[in-house]
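Asker: If you scroll down you'll find the structure; I have some questions about it.
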Amino acid sequence: MKVVWRDIRAARNTYAVLYAACRMAGYQLDLSGTPDGDVTCYSLNSINEPQFRSEIRDAPGITIVGGPHASACPMEVAEYADYVIVGEGEKTLPRLLAAIQSGSTDKIPGVATSAGYTPTDHTVLLDGYPCFLEVKGYLEITRGCPHACAYCQTPRLFGRWMRHRSIDAIARAAERVSDARFVTPNALAYGSDGRTPRLDRVEALLKRLSTMNRIWLGTFPSEVRPDWLSDDALELIGRYGAGRKIHFGAQSGSDRILQMINRGHTRSDAEEALDLCRSHGFLPIVDMIVGFPGETEEDLEMTMDLIRSIIRNGKVHLHYFQPLPGTPLAGTEPTPLPPHIEKAFGSLALSGKITGYWMEPERRFLSIPRDNEDI
């Protein structure tokens with residue numbers, strides 16, 4: 001049985017993860033630019049999903065779709081895909097491939113079809129699967145997030161309890177790469193419950209990897225929360241890290257909006273994080289979101305004020321709010337930006353102070369892909 005993985009830029013790290021899981025189960029998952037073979041696998045997010053619907057519906061072989069969008073809308077995706085994986089795929093995908101091969105695909109846990117959905121029967125033990133094998137990816141050190149930000153799919157996809165890979169398991173994967181780049185919802189939360197820092201455990205990880213890798217902690221895709229930055233945390237990153245950038249999400253300059261989206265920190269936390277980065281010689285790169293539902297002009301002016309403060313000594317990565325399926329804000333309407341605000345963002349982009357997008361996803365004006373940044 002020939003099984004291929006549809007090459008989609010946004011899902012390349014997922015491919016590395018599931019390639020390893022399938023190899024362990026005896027399946028080869030080859031990369032392909034088109035639907036091919038007996039089975040084609042897809043991982044889709046809610047932004048790129050519309051462009052693949054027709055391809056999946058018309059694919060010549062069996063189609064399997066997973067990813068954030070499929071997990072949030074399994075029965076919708078099952079209207080055009082043969083099988084939909086809901087949630088984590090390391091165990092479910094090989095189990096489904098085995099069932100397809102044997103011809104017995106009825107009610108597989110974690111899989112939806114047009115006939116219905118069978119709930120999953122497991123949570124992935126991260127040490128049971130390598131971060132990656134021959135197909136290189138990032139070092140996923142933690143999965144799950146206790147913060148329930150209203151716009152975010154992560155806690156709905158991976159749960160609100162943090163699961164950490166052991167240092168030994170991370171180090172085994174790190175032997176395959178020269179640069180250690182991490183996947184985690186909050187890089188400074190490694191080894192903790194996600195509420196209270198355990199910097200001793202972060203240091204133990206970094207110390208182990210420092211003998212064989214250049215370490216990039218606190219930069220995309222291992223960003224941090226502003227309320228977790230401290231003198232001790234930045235001293236630790238400075239001692240072991242290879243770069244002088246810190247990425248964190250402030251999201252809004254309005255405390256009213258931050259409370260509405262259940263962000264769990266305040267504007268003053270972000271301002272203190274900026275001061276800490278500057279005092280320790282780090283360039284802060286800060287994620288901000290505009291267009292939240294119910295965002296008033298006063299809220300937006302507060303966000304603009306914070307952006308002006310950030311760009312004095314840092315940079316902003318800007319996003320226009322998207323109501324993602326499966327989140328508390330699903331189905332809401334983004335607030336349109338006034339023309340003078342769009343114009344101000346355009347001017348800041350031309351000066352190199354902000355990147356990202358602040359309009360509809362189809363109009364990513366002056367966008368710079370995150371994976372091309374000098375991290």
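Every chain in the structure tokens takes a letter, A first, then B, and so on in the order presented; its residues are numbered from 1, and the ligands are numbered from 1 following the presented order.
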List as a count of residues only the protein and nucleic acid residues near Thr92 (chain A), meaning an atom at most 9 Å away when only C-alpha atoms are counted, but skip any in the same chain fewer than 3 places from it.
Answerer: 13
Asker: I need the alpha helix (DSSP H) residues of region 77-299 of chain A per DSSP on the backbone, written as a ChimeraX atom specification.
Answerer: /A:77,92-102,154-158,167-174,199-209,231-240,255-260,267-279,297-299
Asker: Wanna dump the region 6-89 of chain A-region 167-186 of chain A contacts at 12 Å for me, each residue with its shortest atom pair and the distance in Å to one decimal, counting only C-alpha atoms, ordered by chain and number, as a Markdown table?
Answerer:
```
| residue | atom | partner | partner_atom | distance |
| --- | --- | --- | --- | --- |
| A:Asn13 | CA | A:Val183 | CA | 9.5 |
| A:Thr14 | CA | A:Val183 | CA | 11.0 |
| A:Ala16 | CA | A:Ala173 | CA | 11.7 |
| A:Val17 | CA | A:Ala173 | CA | 11.3 |
| A:Ala20 | CA | A:Ala173 | CA | 11.1 |
```
Asker: CA of Thr332 (chain A) and CA of Pro293 (chain A), how far apart in Å?
Answerer: 6.5 Å
Asker: With distances taken over only C-alpha atoms, which of A:Thr296, A:Gln259, A:Thr154, A:Asn313 is nearest to Pro338 (chain A)?
Answerer: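 Residue with the minimum atom-to-atom distance to Pro338 (chain A): A:Thr296.
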Asker: Determine, counting only C-alpha atoms, which protein, DNA and RNA residues have an atom within 9 Å of an atom of region 57-71 of chain A; residues of the same chain fewer than 5 positions away are not included. Present the result as a PyMOL selection string.
Answerer: chain A and resi 11+14+34-47+49+52+76-89+93+153-154+156-157+324-326
Asker: Residues of region 56-111 of chain A in strand (DSSP E or B) according to DSSP, as a ChimeraX atom specification?
Answerer: /A:62-66,83-85,111
Asker: Any chance you can output those residues with N, CA, C and O atoms as an mmCIF file, in the first residue's frame?
Answerer:
```
data_model
loop_
_atom_site.group_PDB
_atom_site.id
_atom_site.type_symbol
_atom_site.label_atom_id
_atom_site.label_comp_id
_atom_site.auth_asym_id
_atom_site.auth_seq_id
_atom_site.Cartn_x
_atom_site.Cartn_y
_atom_site.Cartn_z
ATOM 1 N N ILE A 62 -7.706 6.950 -1.577
ATOM 2 C CA ILE A 62 -8.295 7.214 -0.266
ATOM 3 C C ILE A 62 -7.663 8.471 0.313
ATOM 4 O O ILE A 62 -6.447 8.689 0.198
ATOM 5 N N THR A 63 -8.468 9.300 0.954
ATOM 6 C CA THR A 63 -7.948 10.522 1.567
ATOM 7 C C THR A 63 -8.149 10.501 3.080
ATOM 8 O O THR A 63 -9.205 10.084 3.577
ATOM 9 N N ILE A 64 -7.104 10.961 3.790
ATOM 10 C CA ILE A 64 -7.137 11.102 5.246
ATOM 11 C C ILE A 64 -6.774 12.546 5.554
ATOM 12 O O ILE A 64 -5.750 13.047 5.083
ATOM 13 N N VAL A 65 -7.597 13.214 6.352
ATOM 14 C CA VAL A 65 -7.349 14.616 6.692
ATOM 15 C C VAL A 65 -7.308 14.777 8.205
ATOM 16 O O VAL A 65 -8.190 14.295 8.919
ATOM 17 N N GLY A 66 -6.260 15.470 8.676
ATOM 18 C CA GLY A 66 -6.155 15.823 10.086
ATOM 19 C C GLY A 66 -5.754 17.276 10.207
ATOM 20 O O GLY A 66 -5.838 18.043 9.253
ATOM 21 N N TYR A 83 -11.592 9.837 5.457
ATOM 22 C CA TYR A 83 -11.378 9.672 6.892
ATOM 23 C C TYR A 83 -10.837 10.978 7.474
ATOM 24 O O TYR A 83 -10.025 11.662 6.836
ATOM 25 N N VAL A 84 -11.277 11.305 8.685
ATOM 26 C CA VAL A 84 -10.824 12.508 9.380
ATOM 27 C C VAL A 84 -10.256 12.110 10.729
ATOM 28 O O VAL A 84 -10.929 11.431 11.522
ATOM 29 N N ILE A 85 -8.995 12.505 10.975
ATOM 30 C CA ILE A 85 -8.371 12.247 12.269
ATOM 31 C C ILE A 85 -8.622 13.446 13.169
ATOM 32 O O ILE A 85 -8.291 14.581 12.823
ATOM 33 N N VAL A 111 -11.320 8.741 14.862
ATOM 34 C CA VAL A 111 -11.548 8.907 13.421
ATOM 35 C C VAL A 111 -13.026 9.191 13.150
ATOM 36 O O VAL A 111 -13.911 8.549 13.700
#
```
Asker: List as JSON, numbers by chain the protein and nucleic acid residues near Lys207 (chain A), meaning an atom at most 12 Å away when only C-alpha atoms are counted, but skip any in the same chain fewer than 6 places from it.
Answerer: {"A": [167, 171, 199, 200, 201, 213, 214, 215, 236, 237, 239, 240, 241]}
Asker: List as an NGL selection string the protein and nucleic acid residues near Val290 (chain A), meaning an atom at most 10 Å away when only C-alpha atoms are counted, but skip any in the same chain fewer than 6 places from it.
Answerer: :A and (251-253 or 299-300 or 303-304 or 318-322 or 334-337 or 357-359)
Asker: Would you output that residue set with C-alpha atoms, as a short mmCIF file (atom, residue, chain, number, x, y, z; two decimals), in the first residue's frame?
Answerer:
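To be explicit, this is the file written out as part-v4.cif:
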```
data_model
loop_
_atom_site.label_atom_id
_atom_site.label_comp_id
_atom_site.auth_asym_id
_atom_site.auth_seq_id
_atom_site.Cartn_x
_atom_site.Cartn_y
_atom_site.Cartn_z
CA GLN A 251 -1.92 40.56 21.69
CA SER A 252 -3.60 43.84 22.74
CA GLY A 253 -2.84 47.11 24.45
CA ASP A 299 -9.26 49.79 22.53
CA LEU A 300 -7.54 50.11 19.17
CA THR A 303 -3.09 48.91 21.04
CA MET A 304 -1.58 51.50 18.69
CA LEU A 318 0.78 41.88 13.52
CA HIS A 319 -2.26 39.67 12.95
CA TYR A 320 -5.83 40.44 11.97
CA PHE A 321 -8.21 38.47 14.16
CA GLN A 322 -9.64 35.30 12.61
CA PRO A 334 -13.86 40.63 13.20
CA THR A 335 -14.09 44.36 13.73
CA PRO A 336 -13.07 46.27 10.57
CA LEU A 337 -10.10 48.58 10.92
CA TYR A 357 -1.01 41.07 8.10
CA TRP A 358 -3.84 43.29 9.33
CA MET A 359 -6.49 42.70 6.69
#
```
Asker: My list of candidates is A:Ser114, A:Gln51, A:Arg163, A:Lys343. Which is closest to Asp193 (chain A) when distances are computed with only C-alpha atoms?
Answerer: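 Nearest candidate to Asp193 (chain A) out of A:Ser114, A:Gln51, A:Arg163, A:Lys343: A:Arg163.
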Asker: What's the separation between CA of Val224 (chain A) and CA of Ala187 (chain A), in Å to one decimal place?
Answerer: 5.4 Å
Asker: Could you give me, as a count of residues only, the residues within 7 Å of region 23-29 of chain A, counting only C-alpha atoms and dropping anything in the same chain fewer than 5 positions from it?
Answerer: 4
Asker: Taking into account only C-alpha atoms, which residue in the set A:Leu209, A:Met75, A:Met302, A:Asp7 is nearest to Thr113 (chain A)?
Answerer: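 Ranking A:Leu209, A:Met75, A:Met302, A:Asp7 by distance to Thr113 (chain A), first place goes to A:Met75.
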Asker: Pick out the closest residue to Arg278 (chain A) from this set: A:Asp127, A:Arg256, A:Thr266, A:Leu234. Count only C-alpha atoms.
Answerer: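 Ranked by minimum distance to Arg278 (chain A), first place goes to A:Leu234.
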Asker: Which residue, A:Leu329, A:Cys149, A:Leu205, A:Val286, has the smallest gap to Thr355 (chain A) when you use only C-alpha atoms?
Answerer: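 Looking at the shortest contact to Thr355 (chain A), the residue is A:Val286.
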Asker: Just give me the gap between CA of Ile261 (chain A) and CA of Phe292 (chain A) in Å, one decimal is fine.
Answerer: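 Between CA of Ile261 (chain A) and CA of Phe292 (chain A) the gap is 8.8 Å.
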Asker: When distances are computed from only C-alpha atoms, which of A:Gly144, A:Gly128, A:Pro226, A:Gly249 shows the smallest separation from Leu276 (chain A)?
Answerer: A:Pro226
